[in-house]
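Each remark here refers to the structure printed beneath this line.
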Amino acid sequence: SVVTPLVTNQDAVKTCFALIFHHLSSLLDSPVNTHSYQLGEKMVSVCAASQDEEFLSKLFSHLVESNHTDVLLRIKSPVLESWLEKARNDNLDRLLRYYQIQSMHVEAGEVAASHATRMDRDVDLNERIECLVHAVDAFARAKATGHGDLSEVQLKLKQCDERLTIARLQGRIYQAISSTKYELSPADLNQLQFRLLSANDLLNRYAIPHEMYEFCLLLLHACKHKDMIHIEQFWKSLLCEEVFPCCTRNEQTYRLLLAFTEGSLSENLTIDFLNDATQASWPLFEDGVWMKSLEETVVRLGSEMYGAGESFAFPVEFVMSCLEGTYQENNQCPSSVSLTCQILIAIWLQNFVVRIVMGPKSPKNAEPSYGVSLF
């Protein structure tokens, strides 16, 4: 006798789905703008209007698996949005692209910002930064197109832009620490690489303890933290790190260099006093080998901070006076800097100002002849 195989209702449903998806793929695989492709798009529209959520879920999965995600994301459907939302941990980019295509800019910004700041799992810092870039772009588009409440959108745009600035500084700190002499515990390095840290944490846990004074200043600048005492301390420390270690055979120069270190947070600054018979272990101060490095550091920081909104973290008068020596007149800067003045001012002080103010526009032949609570 012949045994008739048992066919269930579920088998019949699967067969129907398979037939629909087979013909749908055949049409969508045709060249774009052909009649067959356009017929496939119409077929997708009809299918997407179904109220059967099981069918819709299978349809969405099939379009992804058959490399027709672009078609999928053009479907405007709350069911599709929900389906993409459930899969956001595995494919956030797909959800963001959906919101972008549907001009749902506020939603795109909120999802991107949420992923960038999530604390329930480790997320690589570069991925967090990329999400913040998406969030800033989305909120900017929402503001430009009038999507959402304007005041709320402006606030979110400002918050994301500020977080992005700090996150990029975190990336630079991580790169500096992981590629140079700095030694961190695995836990601290993990935090720096996979968490989005506050400016406070970056300053007090990383930049200050590791004497990264350039980043100290950039963090204060980014946070608009007008603490001139610390700003001047960081600048003095940075200048000292560029000049020292060094040595000299001139006793007066030696005393002046010792005095110049006052106010610096740097520890163990080396200044050797040599007699005529002693061989130098460090560069001779009077030779000025430190001048080029110091100039580049000041110009680099000045170019990044000066003229970028409020420039309080680049106090031009204080920095230039530390080089020139004029602060001795009003007792705001040690008299020792007058020695620095004698060496620097005639050679390249004016060039500092030109290169900082003009930035990339400065002529190439201008080279010298030789909201956060911090602390």
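In the structure tokens, chains take letters A, B, ... by order of appearance, with residues numbered from 1 within each chain and ligands from 1 in the order shown.
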
Residue set, range 102-160 of chain A restricted to helix (DSSP H, G or I), as an NGL selection string: :A and (105-117 or 125-145 or 150-160)

File of the preceding selection, C-alpha atoms, as a PDB file, in the first residue's frame:
```
ATOM      1  CA  HIS A 105      16.578  62.415  12.001  1.00  0.00           C
ATOM      2  CA  VAL A 106      15.702  62.806  15.679  1.00  0.00           C
ATOM      3  CA  GLU A 107      15.244  59.055  16.071  1.00  0.00           C
ATOM      4  CA  ALA A 108      18.565  58.451  14.307  1.00  0.00           C
ATOM      5  CA  GLY A 109      20.332  60.870  16.625  1.00  0.00           C
ATOM      6  CA  GLU A 110      18.815  59.350  19.739  1.00  0.00           C
ATOM      7  CA  VAL A 111      19.737  55.782  18.767  1.00  0.00           C
ATOM      8  CA  ALA A 112      23.295  56.754  17.827  1.00  0.00           C
ATOM      9  CA  ALA A 113      23.788  58.783  21.011  1.00  0.00           C
ATOM     10  CA  SER A 114      22.347  55.986  23.139  1.00  0.00           C
ATOM     11  CA  HIS A 115      24.775  53.439  21.703  1.00  0.00           C
ATOM     12  CA  ALA A 116      27.717  55.821  22.067  1.00  0.00           C
ATOM     13  CA  THR A 117      27.056  56.337  25.777  1.00  0.00           C
ATOM     14  CA  LEU A 125      36.044  53.817  21.631  1.00  0.00           C
ATOM     15  CA  ASN A 126      36.282  54.259  17.853  1.00  0.00           C
ATOM     16  CA  GLU A 127      32.766  52.841  17.515  1.00  0.00           C
ATOM     17  CA  ARG A 128      31.492  55.203  20.197  1.00  0.00           C
ATOM     18  CA  ILE A 129      33.087  58.168  18.418  1.00  0.00           C
ATOM     19  CA  GLU A 130      31.561  57.078  15.113  1.00  0.00           C
ATOM     20  CA  CYS A 131      28.121  56.928  16.757  1.00  0.00           C
ATOM     21  CA  LEU A 132      28.556  60.402  18.211  1.00  0.00           C
ATOM     22  CA  VAL A 133      29.456  61.670  14.734  1.00  0.00           C
ATOM     23  CA  HIS A 134      26.223  60.082  13.439  1.00  0.00           C
ATOM     24  CA  ALA A 135      24.268  61.665  16.308  1.00  0.00           C
ATOM     25  CA  VAL A 136      25.653  65.149  15.688  1.00  0.00           C
ATOM     26  CA  ASP A 137      24.935  64.852  11.963  1.00  0.00           C
ATOM     27  CA  ALA A 138      21.393  63.563  12.586  1.00  0.00           C
ATOM     28  CA  PHE A 139      20.474  66.282  15.085  1.00  0.00           C
ATOM     29  CA  ALA A 140      21.957  68.915  12.772  1.00  0.00           C
ATOM     30  CA  ARG A 141      19.740  67.619   9.955  1.00  0.00           C
ATOM     31  CA  ALA A 142      16.741  67.611  12.280  1.00  0.00           C
ATOM     32  CA  LYS A 143      17.447  71.213  13.203  1.00  0.00           C
ATOM     33  CA  ALA A 144      17.841  72.235   9.556  1.00  0.00           C
ATOM     34  CA  THR A 145      14.642  70.487   8.439  1.00  0.00           C
ATOM     35  CA  LEU A 150      13.606  72.875  18.019  1.00  0.00           C
ATOM     36  CA  SER A 151      14.779  73.674  21.559  1.00  0.00           C
ATOM     37  CA  GLU A 152      15.093  69.979  22.431  1.00  0.00           C
ATOM     38  CA  VAL A 153      16.946  69.212  19.204  1.00  0.00           C
ATOM     39  CA  GLN A 154      19.347  72.111  19.789  1.00  0.00           C
ATOM     40  CA  LEU A 155      20.058  70.879  23.312  1.00  0.00           C
ATOM     41  CA  LYS A 156      20.754  67.323  22.134  1.00  0.00           C
ATOM     42  CA  LEU A 157      22.950  68.619  19.316  1.00  0.00           C
ATOM     43  CA  LYS A 158      24.987  70.683  21.777  1.00  0.00           C
ATOM     44  CA  GLN A 159      25.341  67.780  24.232  1.00  0.00           C
ATOM     45  CA  CYS A 160      26.435  65.313  21.546  1.00  0.00           C
TER      46      CYS A 160
END
```

Residues near range 267-274 of chain A, cut-off 6 Å, only C-alpha atoms, skip fewer than 4 positions along chain, as a list in words: Pro245, Cys246, Cys247, Thr248, Arg249 and Thr278 of chain A

Pick from A:Leu192, A:Val44, A:Leu294, A:Leu202 nearest to Ser178 in chain A, counting only C-alpha atoms: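 For Ser178 in chain A, the nearest of the candidates is A:Leu192.
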
Pairwise distance for CA of Leu24 in chain A and CA of Met43 in chain A, rounded to one decimal in Å: 7.0 Å

Atomic separation - CA of Arg195 in chain A relative to CA of Leu164 in chain A, Å: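 Straight-line distance from CA of Leu164 in chain A to CA of Arg195 in chain A works out to 13.2 Å.
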
From A:Met305, A:Cys47, A:Ala187, A:Leu73, residue lying nearest Asp93 in chain A [only C-alpha atoms]: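 Selected residue with least distance to Asp93 in chain A: A:Leu73.
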
For CA of Gln193 in chain A and CA of Arg172 in chain A, the interatomic separation in Å (one decimal): 10.8 Å

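Minimum distance to Val32 in chain A across A:Val7, A:Leu218, A:Ile20, A:Val71 (counting only C-alpha atoms) occurs at A:Val71.
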
Polymer residues at most 9 Å from Gln102 in chain A, only C-alpha atoms, same-chain spacing of 6 or more positions, as a ChimeraX atom specification: /A:73-76

Could you dump the residues just selected with C-alpha atoms as a CSV table (one decimal), in the first residue's frame?
```csv
chain,number,residue,atom,x,y,z
A,73,LEU,CA,15.1,50.1,4.3
A,74,ARG,CA,12.8,52.0,1.9
A,75,ILE,CA,9.7,50.3,3.4
A,76,LYS,CA,8.0,52.6,5.8
```

Who sits within 8 Å of range 287-293 of chain A, only C-alpha atoms, same chain under 4 positions skipped, as a count of residues only: 5

Long-range neighbours of Thr69 in chain A as a PyMOL selection string, 9 Å cut-off, only C-alpha atoms, 6 positions minimum in chain: chain A and resi 60+63+94

Strand (DSSP E) positions in range 232-316 of chain A, given as a PyMOL selection string: chain A and resi 246-248+271-273
